[in-house]
Each structure stands twice: as C-alpha cells, then as structure tokens.
file protein01.cif (mmCIF, C-alpha atoms)
data_target
#
loop_
_atom_site.group_PDB
_atom_site.id
_atom_site.type_symbol
_atom_site.label_atom_id
_atom_site.label_comp_id
_atom_site.auth_asym_id
_atom_site.auth_seq_id
_atom_site.Cartn_x
_atom_site.Cartn_y
_atom_site.Cartn_z
ATOM 1 C CA ASP A 27 1.498 -9.397 18.687
ATOM 2 C CA ALA A 28 3.226 -10.651 15.548
ATOM 3 C CA GLY A 29 2.333 -8.677 12.468
ATOM 4 C CA VAL A 30 2.368 -9.921 8.904
ATOM 5 C CA ILE A 31 5.554 -11.879 8.300
ATOM 6 C CA GLN A 32 7.248 -12.005 4.915
ATOM 7 C CA SER A 33 10.270 -13.909 3.729
ATOM 8 C CA PRO A 34 12.790 -13.446 2.416
ATOM 9 C CA ARG A 35 13.301 -9.722 3.089
ATOM 10 C CA HIS A 36 15.683 -9.448 0.165
ATOM 11 C CA GLU A 37 16.075 -11.625 -2.902
ATOM 12 C CA VAL A 38 18.582 -11.223 -5.704
ATOM 13 C CA THR A 39 18.283 -13.614 -8.584
ATOM 14 C CA GLU A 40 19.160 -13.933 -12.239
ATOM 15 C CA MET A 41 16.776 -13.582 -15.123
ATOM 16 C CA GLY A 42 15.005 -16.837 -15.868
ATOM 17 C CA GLN A 43 15.148 -18.189 -12.340
ATOM 18 C CA GLU A 44 12.101 -19.091 -10.281
ATOM 19 C CA VAL A 45 11.348 -16.852 -7.317
ATOM 20 C CA THR A 46 9.035 -17.719 -4.424
ATOM 21 C CA LEU A 47 7.914 -15.115 -1.909
ATOM 22 C CA ARG A 48 6.238 -16.161 1.317
ATOM 23 C CA CYS A 49 3.728 -14.557 3.630
ATOM 24 C CA LYS A 50 2.216 -15.416 6.990
ATOM 25 C CA PRO A 51 -0.828 -13.229 7.709
ATOM 26 C CA ILE A 52 -1.914 -12.049 11.124
ATOM 27 C CA SER A 53 -3.627 -14.862 12.978
ATOM 28 C CA GLY A 54 -7.392 -14.634 12.660
ATOM 29 C CA HIS A 55 -7.347 -12.475 9.554
ATOM 30 C CA ASN A 56 -9.317 -14.000 6.696
ATOM 31 C CA SER A 57 -8.266 -11.778 3.779
ATOM 32 C CA LEU A 58 -4.799 -11.661 2.263
ATOM 33 C CA PHE A 59 -3.434 -9.295 -0.364
ATOM 34 C CA TRP A 60 -0.296 -9.263 -2.518
ATOM 35 C CA TYR A 61 0.964 -5.881 -3.729
ATOM 36 C CA ARG A 62 3.894 -4.732 -5.823
ATOM 37 C CA GLN A 63 5.536 -1.326 -5.322
ATOM 38 C CA THR A 64 7.784 0.446 -7.820
ATOM 39 C CA MET A 65 8.817 4.061 -8.231
ATOM 40 C CA MET A 66 7.124 4.255 -11.612
ATOM 41 C CA ARG A 67 3.795 2.613 -10.824
ATOM 42 C CA GLY A 68 3.455 3.028 -7.073
ATOM 43 C CA LEU A 69 1.608 0.382 -5.055
ATOM 44 C CA GLU A 70 -0.399 -2.043 -7.188
ATOM 45 C CA LEU A 71 -2.697 -4.828 -6.028
ATOM 46 C CA LEU A 72 -1.756 -8.123 -7.671
ATOM 47 C CA ILE A 73 -4.220 -10.564 -6.132
ATOM 48 C CA TYR A 74 -6.298 -11.055 -3.016
ATOM 49 C CA PHE A 75 -7.795 -14.012 -1.184
ATOM 50 C CA ASN A 76 -10.826 -14.305 1.082
ATOM 51 C CA ASN A 77 -10.897 -17.402 3.296
ATOM 52 C CA ASN A 78 -8.022 -18.872 1.273
ATOM 53 C CA VAL A 79 -9.903 -18.529 -2.028
ATOM 54 C CA PRO A 80 -8.539 -16.227 -4.765
ATOM 55 C CA ILE A 81 -11.143 -13.535 -5.391
ATOM 56 C CA ASP A 82 -9.510 -11.161 -7.849
ATOM 57 C CA ASP A 83 -6.278 -11.805 -9.727
ATOM 58 C CA SER A 84 -6.801 -9.159 -12.387
ATOM 59 C CA GLY A 85 -3.711 -7.334 -11.196
ATOM 60 C CA MET A 86 -1.373 -10.249 -11.831
ATOM 61 C CA PRO A 87 0.885 -9.040 -14.664
ATOM 62 C CA GLU A 88 0.989 -12.215 -16.714
ATOM 63 C CA ASP A 89 1.118 -15.982 -16.589
ATOM 64 C CA ARG A 90 4.595 -15.930 -15.128
ATOM 65 C CA PHE A 91 3.024 -14.879 -11.834
ATOM 66 C CA SER A 92 1.032 -17.259 -9.660
ATOM 67 C CA ALA A 93 -0.184 -17.149 -6.063
ATOM 68 C CA LYS A 94 -1.471 -19.785 -3.703
ATOM 69 C CA MET A 95 -2.955 -19.871 -0.242
ATOM 70 C CA PRO A 96 -3.036 -23.501 0.905
ATOM 71 C CA ASN A 97 -4.247 -22.598 4.396
ATOM 72 C CA ALA A 98 -5.226 -19.609 6.524
ATOM 73 C CA SER A 99 -1.693 -19.017 7.774
ATOM 74 C CA PHE A 100 0.410 -19.168 4.635
ATOM 75 C CA SER A 101 0.560 -17.801 1.110
ATOM 76 C CA THR A 102 3.119 -17.784 -1.670
ATOM 77 C CA LEU A 103 3.700 -15.606 -4.710
ATOM 78 C CA LYS A 104 5.756 -17.279 -7.403
ATOM 79 C CA ILE A 105 7.400 -15.790 -10.460
ATOM 80 C CA GLN A 106 8.619 -18.225 -13.084
ATOM 81 C CA PRO A 107 10.616 -17.312 -15.062
ATOM 82 C CA SER A 108 11.663 -14.028 -13.512
ATOM 83 C CA GLU A 109 12.604 -10.995 -15.609
ATOM 84 C CA PRO A 110 14.482 -7.759 -14.737
ATOM 85 C CA ARG A 111 11.229 -5.770 -14.983
ATOM 86 C CA ASP A 112 9.884 -7.800 -12.062
ATOM 87 C CA SER A 113 12.323 -6.014 -9.764
ATOM 88 C CA ALA A 114 10.239 -4.292 -7.103
ATOM 89 C CA VAL A 115 9.205 -4.486 -3.472
ATOM 90 C CA TYR A 116 6.437 -7.034 -2.942
ATOM 91 C CA PHE A 117 4.138 -6.558 0.021
ATOM 92 C CA CYS A 118 1.709 -8.917 1.644
ATOM 93 C CA ALA A 119 -1.154 -7.499 3.707
ATOM 94 C CA SER A 120 -3.933 -9.087 5.724
ATOM 95 C CA ARG A 121 -7.293 -7.966 7.009
ATOM 96 C CA SER A 122 -10.050 -9.186 9.257
ATOM 97 C CA SER A 123 -13.432 -8.971 7.578
ATOM 98 C CA GLY A 124 -14.978 -7.858 10.849
ATOM 99 C CA SER A 125 -12.780 -4.791 11.088
ATOM 100 C CA GLY A 126 -15.293 -2.428 9.530
ATOM 101 C CA ALA A 127 -13.542 -0.204 7.012
ATOM 102 C CA ASP A 128 -10.934 -1.798 4.801
ATOM 103 C CA THR A 129 -8.108 -1.845 7.368
ATOM 104 C CA GLN A 130 -5.181 -3.732 5.941
ATOM 105 C CA TYR A 131 -2.009 -4.522 7.831
ATOM 106 C CA PHE A 132 1.113 -4.680 5.706
ATOM 107 C CA GLY A 133 4.195 -6.811 6.127
ATOM 108 C CA PRO A 134 7.710 -5.370 5.805
ATOM 109 C CA GLY A 135 7.985 -6.409 2.161
ATOM 110 C CA THR A 136 10.393 -8.446 0.050
ATOM 111 C CA ARG A 137 12.786 -6.443 -2.075
ATOM 112 C CA LEU A 138 13.314 -8.428 -5.285
ATOM 113 C CA THR A 139 16.132 -7.702 -7.695
ATOM 114 C CA VAL A 140 16.287 -9.642 -10.931
ATOM 115 C CA LEU A 141 19.591 -9.240 -12.748
ATOM 116 C CA THR B 69 -3.867 7.001 -15.408
ATOM 117 C CA GLN B 70 -4.100 7.018 -11.629
ATOM 118 C CA LEU B 71 -7.560 6.854 -10.084
ATOM 119 C CA LEU B 72 -6.190 8.789 -7.123
ATOM 120 C CA GLU B 73 -3.867 11.693 -7.877
ATOM 121 C CA GLN B 74 -1.669 12.941 -5.064
ATOM 122 C CA SER B 75 0.054 16.299 -4.968
ATOM 123 C CA PRO B 76 2.710 17.288 -4.524
ATOM 124 C CA GLN B 77 4.729 14.177 -5.324
ATOM 125 C CA PHE B 78 7.735 15.523 -3.414
ATOM 126 C CA LEU B 79 7.874 18.070 -0.600
ATOM 127 C CA SER B 80 10.860 19.200 1.415
ATOM 128 C CA ILE B 81 10.347 21.777 4.153
ATOM 129 C CA GLN B 82 11.953 22.998 7.353
ATOM 130 C CA GLU B 83 11.022 21.797 10.803
ATOM 131 C CA GLY B 84 8.216 23.865 12.280
ATOM 132 C CA GLU B 85 6.502 24.704 9.003
ATOM 133 C CA ASN B 86 2.971 23.678 8.076
ATOM 134 C CA LEU B 87 2.064 21.680 4.997
ATOM 135 C CA THR B 88 -0.891 20.199 3.145
ATOM 136 C CA VAL B 89 -0.955 17.144 0.903
ATOM 137 C CA TYR B 90 -3.831 16.534 -1.473
ATOM 138 C CA CYS B 91 -5.514 13.429 -2.837
ATOM 139 C CA ASN B 92 -7.933 13.978 -5.712
ATOM 140 C CA SER B 93 -10.136 11.888 -7.960
ATOM 141 C CA SER B 94 -12.998 12.235 -10.395
ATOM 142 C CA SER B 95 -14.590 9.159 -8.806
ATOM 143 C CA VAL B 96 -16.628 8.860 -5.632
ATOM 144 C CA PHE B 97 -15.161 6.736 -2.867
ATOM 145 C CA SER B 98 -16.907 4.788 -0.121
ATOM 146 C CA SER B 99 -13.990 5.622 2.155
ATOM 147 C CA LEU B 100 -10.513 7.068 1.971
ATOM 148 C CA GLN B 101 -7.475 6.182 3.988
ATOM 149 C CA TRP B 102 -4.079 7.718 4.612
ATOM 150 C CA TYR B 103 -0.981 5.622 5.195
ATOM 151 C CA ARG B 104 2.589 6.510 6.073
ATOM 152 C CA GLN B 105 5.456 4.375 4.855
ATOM 153 C CA GLU B 106 9.013 4.564 6.132
ATOM 154 C CA PRO B 107 12.045 3.172 4.280
ATOM 155 C CA GLY B 108 12.270 -0.608 4.440
ATOM 156 C CA GLU B 109 8.806 -0.999 5.904
ATOM 157 C CA GLY B 110 5.255 -1.504 4.743
ATOM 158 C CA PRO B 111 2.599 1.226 4.788
ATOM 159 C CA VAL B 112 0.962 1.841 8.153
ATOM 160 C CA LEU B 113 -2.609 3.059 8.361
ATOM 161 C CA LEU B 114 -3.013 6.516 9.912
ATOM 162 C CA VAL B 115 -6.723 7.169 9.490
ATOM 163 C CA THR B 116 -9.887 6.209 7.627
ATOM 164 C CA VAL B 117 -12.551 8.743 6.670
ATOM 165 C CA VAL B 118 -15.959 7.562 5.529
ATOM 166 C CA THR B 119 -18.369 10.505 5.662
ATOM 167 C CA GLY B 120 -18.339 13.438 3.226
ATOM 168 C CA GLY B 121 -16.985 16.511 4.988
ATOM 169 C CA GLU B 122 -15.525 14.453 7.827
ATOM 170 C CA VAL B 123 -12.508 15.863 9.655
ATOM 171 C CA LYS B 124 -10.260 13.735 11.837
ATOM 172 C CA LYS B 125 -7.300 14.831 13.914
ATOM 173 C CA LEU B 126 -4.334 12.772 14.979
ATOM 174 C CA LYS B 127 -2.090 14.995 17.122
ATOM 175 C CA ARG B 128 -0.580 17.481 14.638
ATOM 176 C CA LEU B 129 -2.176 15.782 11.621
ATOM 177 C CA THR B 130 -5.604 16.827 10.325
ATOM 178 C CA PHE B 131 -7.391 14.748 7.713
ATOM 179 C CA GLN B 132 -10.394 15.918 5.739
ATOM 180 C CA PHE B 133 -12.723 14.057 3.367
ATOM 181 C CA GLY B 134 -14.326 16.205 0.688
ATOM 182 C CA ASP B 135 -18.063 16.813 0.788
ATOM 183 C CA ALA B 136 -18.539 14.901 -2.465
ATOM 184 C CA ARG B 137 -16.252 12.070 -1.265
ATOM 185 C CA LYS B 138 -13.947 12.533 -4.254
ATOM 186 C CA ASP B 139 -10.956 14.081 -2.520
ATOM 187 C CA SER B 140 -9.083 14.296 0.739
ATOM 188 C CA SER B 141 -6.351 16.352 2.323
ATOM 189 C CA LEU B 142 -3.752 15.851 5.006
ATOM 190 C CA HIS B 143 -2.529 18.899 6.888
ATOM 191 C CA ILE B 144 0.477 18.756 9.203
ATOM 192 C CA THR B 145 1.052 21.555 11.678
ATOM 193 C CA ALA B 146 4.553 22.366 12.930
ATOM 194 C CA ALA B 147 6.188 19.521 11.020
ATOM 195 C CA GLN B 148 8.851 17.480 12.797
ATOM 196 C CA PRO B 149 11.718 15.414 11.312
ATOM 197 C CA GLY B 150 9.865 12.327 12.524
ATOM 198 C CA ASP B 151 7.080 13.146 10.061
ATOM 199 C CA THR B 152 9.431 12.322 7.186
ATOM 200 C CA GLY B 153 8.145 9.502 5.010
ATOM 201 C CA LEU B 154 5.981 8.499 2.070
ATOM 202 C CA TYR B 155 2.326 9.416 2.552
ATOM 203 C CA LEU B 156 -0.164 7.374 0.575
ATOM 204 C CA CYS B 157 -3.852 7.923 0.150
ATOM 205 C CA ALA B 158 -6.007 4.927 -0.690
ATOM 206 C CA GLY B 159 -9.687 4.340 -1.215
ATOM 207 C CA VAL B 160 -12.399 1.940 -2.241
ATOM 208 C CA PRO B 161 -14.278 3.356 -5.252
ATOM 209 C CA GLN B 162 -18.032 3.291 -4.795
ATOM 210 C CA GLY B 163 -19.393 -0.002 -6.073
ATOM 211 C CA ALA B 164 -15.995 -1.663 -6.074
ATOM 212 C CA GLN B 165 -14.281 -3.882 -3.554
ATOM 213 C CA LYS B 166 -10.593 -3.288 -4.127
ATOM 214 C CA LEU B 167 -8.504 -0.679 -2.389
ATOM 215 C CA VAL B 168 -6.635 1.573 -4.840
ATOM 216 C CA PHE B 169 -3.618 3.672 -3.911
ATOM 217 C CA GLY B 170 -2.329 7.030 -5.014
ATOM 218 C CA GLN B 171 1.285 7.418 -6.117
ATOM 219 C CA GLY B 172 2.248 8.935 -2.812
ATOM 220 C CA THR B 173 3.829 12.141 -1.526
ATOM 221 C CA ARG B 174 7.407 11.840 -0.385
ATOM 222 C CA LEU B 175 7.810 14.258 2.518
ATOM 223 C CA THR B 176 11.134 15.354 3.976
ATOM 224 C CA ILE B 177 11.300 17.525 7.084
ATOM 225 C CA ASN B 178 14.703 19.120 7.528
ATOM 226 C CA PRO B 179 15.951 19.917 11.047
#
call {"tool": "encode", "arguments": {"input": "protein01.cif", "output": "structure tokens"}}
result
Amino acid sequence: DAGVIQSPRHEVTEMGQEVTLRCKPISGHNSLFWYRQTMMRGLELLIYFNNNVPIDDSGMPEDRFSAKMPNASFSTLKIQPSEPRDSAVYFCASRSSGSGADTQYFGPGTRLTVL
Amino acid sequence: TQLLEQSPQFLSIQEGENLTVYCNSSSVFSSLQWYRQEPGEGPVLLVTVVTGGEVKKLKRLTFQFGDARKDSSLHITAAQPGDTGLYLCAGVPQGAQKLVFGQGTRLTINP
C-alpha cells in the first residue's frame, strides 16, 4: 500500500522566493497534518485538516505560511516569501478518524533549505 | 517550554546493553505514543498506551504509561545496532485534540 507521499523530497531556494510543498495522504484517511521539524524546536504541528477543512492553524508561524486542501487526496503548504529561518524538514501525516487512538502516518518529509 | 520532556536527549551505548528513555510531563494525557524516526524518513508509530499503569511489550522494547498518565518510559533490552534512531514520545493532553511531541532521544547503538 502507498503511504503518505510528499514532494519534493528536497528543496533549495533563495530568500524571498515562493515555496510550495505537496502532500498526498493515504487513501481513505480523512485527517491531514502538516508538521515542521528542526533541531532546536523538534517536531511542531503547523496545521491540520479534517475532511478537507482546516481545523486548527494556530501553529502556523506567520502570514507567510498558508495551507490548502482542495480535495481529499491533495494538500499544499506554501511559504511566500521564504526566509532562511524557514529551513527545516516539513512532514505531512494522515489519519483515519476510525482508527481509535490518534494513529498518524507520516510521509518521508521535504527538506527545505532557504539560502 | 516543552509540554513533554524527554531524557536523555542523547544516548550512545554498546550493543547488548540495556537502556531506558523517559518522557515526563506535569499534564495528564489521554494517551501517549512512542515513535521511532530514522534519518531521511518520517516518524513511525511503535506503540500507543492509553491506560494508567499500562505496560506493552514489542519484542525487546517495553513501554510503560505512568499510573497518573503524566509520564511514560521506553526500556530496550539487549540493544542492537538496528535500534539506532530518534525516539519521540507524543501525546494528546486531556481535554485537547492535538498531538504534541517531545524533543526526542537520539539513540546510537555501537557494534
């Protein structure tokens, strides 16, 4: 079975550029999560969706970050304009609401470097 | 300030030794989970504990949830090089809906 798919796996860009990260959740999962991982702050939840609707975006750092989920099989996280402090690994995870405990399945991540 | 504090942050031991990693909080959690993350990959769920005092075993790994549901431990017996990785605890605070993660314990098992 295909797990959570993220693209690109690596992204190097220059400060000020727009960055778009993509995620395809596991088929049938109705919750999707975007996380950011850094050495300093660990794994932080940015935003999550239930049934394509954003539920909690309190973890989004600032207005430069936005996320969309136009349908059940696709989500994007956009940073515009990007800054060097945005460099991190960004993970997407999905979950089925019928799975009992909060079992999230993570993608392989996108390593973002902003120069 | 981290809601979940993990200790130690780094641990390097020899193959065959035993070890324990701790996950502590002043808050009560509805459930706690342990994940393992390898370089270049996302975290993978190892176990979920939901009942105070619960103990779960996964081969050489033993997970325990504290009686008050504020802490958890992971004990590895006879560690193997394949156990090397970042171990993360995560939990849903009581009354909340979001999963929060600890900073992680980076474990290295030397052959």
call {"tool": "interface_residues", "arguments": {"input": "protein01.cif", "of": "chain A", "to": "chain B", "cutoff": "10 Å", "atoms": "all atoms listed in the file", "output": "number ranges by chain"}}
result
A: 30, 35, 63-71, 73-74, 82, 115-119, 127-137
call {"tool": "resolve_selection", "arguments": {"input": "protein01.cif", "expression": "the PyMOL selection byres ((chain B and resi 72-88) around 9)", "output": "NGL selection string"}}
result
:B and (69-71 or 89-95 or 139 or 141-149 or 156-159 or 168-179)
call {"tool": "write_last_selection", "arguments": {"input": "protein01.cif", "atoms": "C-alpha atoms", "output": "PDB file, in the coordinates of the input"}}
result
ATOM      1  CA  THR B  69      -3.867   7.001 -15.408  1.00  0.00           C
ATOM      2  CA  GLN B  70      -4.100   7.018 -11.629  1.00  0.00           C
ATOM      3  CA  LEU B  71      -7.560   6.854 -10.084  1.00  0.00           C
ATOM      4  CA  VAL B  89      -0.955  17.144   0.903  1.00  0.00           C
ATOM      5  CA  TYR B  90      -3.831  16.534  -1.473  1.00  0.00           C
ATOM      6  CA  CYS B  91      -5.514  13.429  -2.837  1.00  0.00           C
ATOM      7  CA  ASN B  92      -7.933  13.978  -5.712  1.00  0.00           C
ATOM      8  CA  SER B  93     -10.136  11.888  -7.960  1.00  0.00           C
ATOM      9  CA  SER B  94     -12.998  12.235 -10.395  1.00  0.00           C
ATOM     10  CA  SER B  95     -14.590   9.159  -8.806  1.00  0.00           C
ATOM     11  CA  ASP B 139     -10.956  14.081  -2.520  1.00  0.00           C
ATOM     12  CA  SER B 141      -6.351  16.352   2.323  1.00  0.00           C
ATOM     13  CA  LEU B 142      -3.752  15.851   5.006  1.00  0.00           C
ATOM     14  CA  HIS B 143      -2.529  18.899   6.888  1.00  0.00           C
ATOM     15  CA  ILE B 144       0.477  18.756   9.203  1.00  0.00           C
ATOM     16  CA  THR B 145       1.052  21.555  11.678  1.00  0.00           C
ATOM     17  CA  ALA B 146       4.553  22.366  12.930  1.00  0.00           C
ATOM     18  CA  ALA B 147       6.188  19.521  11.020  1.00  0.00           C
ATOM     19  CA  GLN B 148       8.851  17.480  12.797  1.00  0.00           C
ATOM     20  CA  PRO B 149      11.718  15.414  11.312  1.00  0.00           C
ATOM     21  CA  LEU B 156      -0.164   7.374   0.575  1.00  0.00           C
ATOM     22  CA  CYS B 157      -3.852   7.923   0.150  1.00  0.00           C
ATOM     23  CA  ALA B 158      -6.007   4.927  -0.690  1.00  0.00           C
ATOM     24  CA  GLY B 159      -9.687   4.340  -1.215  1.00  0.00           C
ATOM     25  CA  VAL B 168      -6.635   1.573  -4.840  1.00  0.00           C
ATOM     26  CA  PHE B 169      -3.618   3.672  -3.911  1.00  0.00           C
ATOM     27  CA  GLY B 170      -2.329   7.030  -5.014  1.00  0.00           C
ATOM     28  CA  GLN B 171       1.285   7.418  -6.117  1.00  0.00           C
ATOM     29  CA  GLY B 172       2.248   8.935  -2.812  1.00  0.00           C
ATOM     30  CA  THR B 173       3.829  12.141  -1.526  1.00  0.00           C
ATOM     31  CA  ARG B 174       7.407  11.840  -0.385  1.00  0.00           C
ATOM     32  CA  LEU B 175       7.810  14.258   2.518  1.00  0.00           C
ATOM     33  CA  THR B 176      11.134  15.354   3.976  1.00  0.00           C
ATOM     34  CA  ILE B 177      11.300  17.525   7.084  1.00  0.00           C
ATOM     35  CA  ASN B 178      14.703  19.120   7.528  1.00  0.00           C
ATOM     36  CA  PRO B 179      15.951  19.917  11.047  1.00  0.00           C
TER      37      PRO B 179
END
call {"tool": "atom_distance", "arguments": {"input": "protein01.cif", "atom1": "CA of Arg121 (chain A)", "atom2": "CA of Val38 (chain A)"}}
result
29.0 Å
call {"tool": "resolve_selection", "arguments": {"input": "protein01.cif", "expression": "the PyMOL selection byres ((chain A and resi 89) around 12)", "output": "PyMOL selection string"}}
result
chain A and resi 83-88+90-93+104-108
call {"tool": "resolve_selection", "arguments": {"input": "protein01.cif", "expression": "the PyMOL selection byres ((chain B and resi 137) around 7)", "output": "list in words"}}
result
Val96, Phe97, Gly120, Phe133, Gly134, Asp135, Ala136, Lys138 and Asp139 of chain B
call {"tool": "residues_near_point", "arguments": {"input": "protein01.cif", "point": "(8.2, -13.8, 5.3)", "cutoff": "6 Å", "atoms": "all atoms listed in the file", "output": "NGL selection string"}}
result
:A and (31-34 or 48-49)
call {"tool": "atom_distance", "arguments": {"input": "protein01.cif", "atom1": "CA of Asp112 (chain A)", "atom2": "CA of Ser99 (chain A)"}}
result
25.6 Å
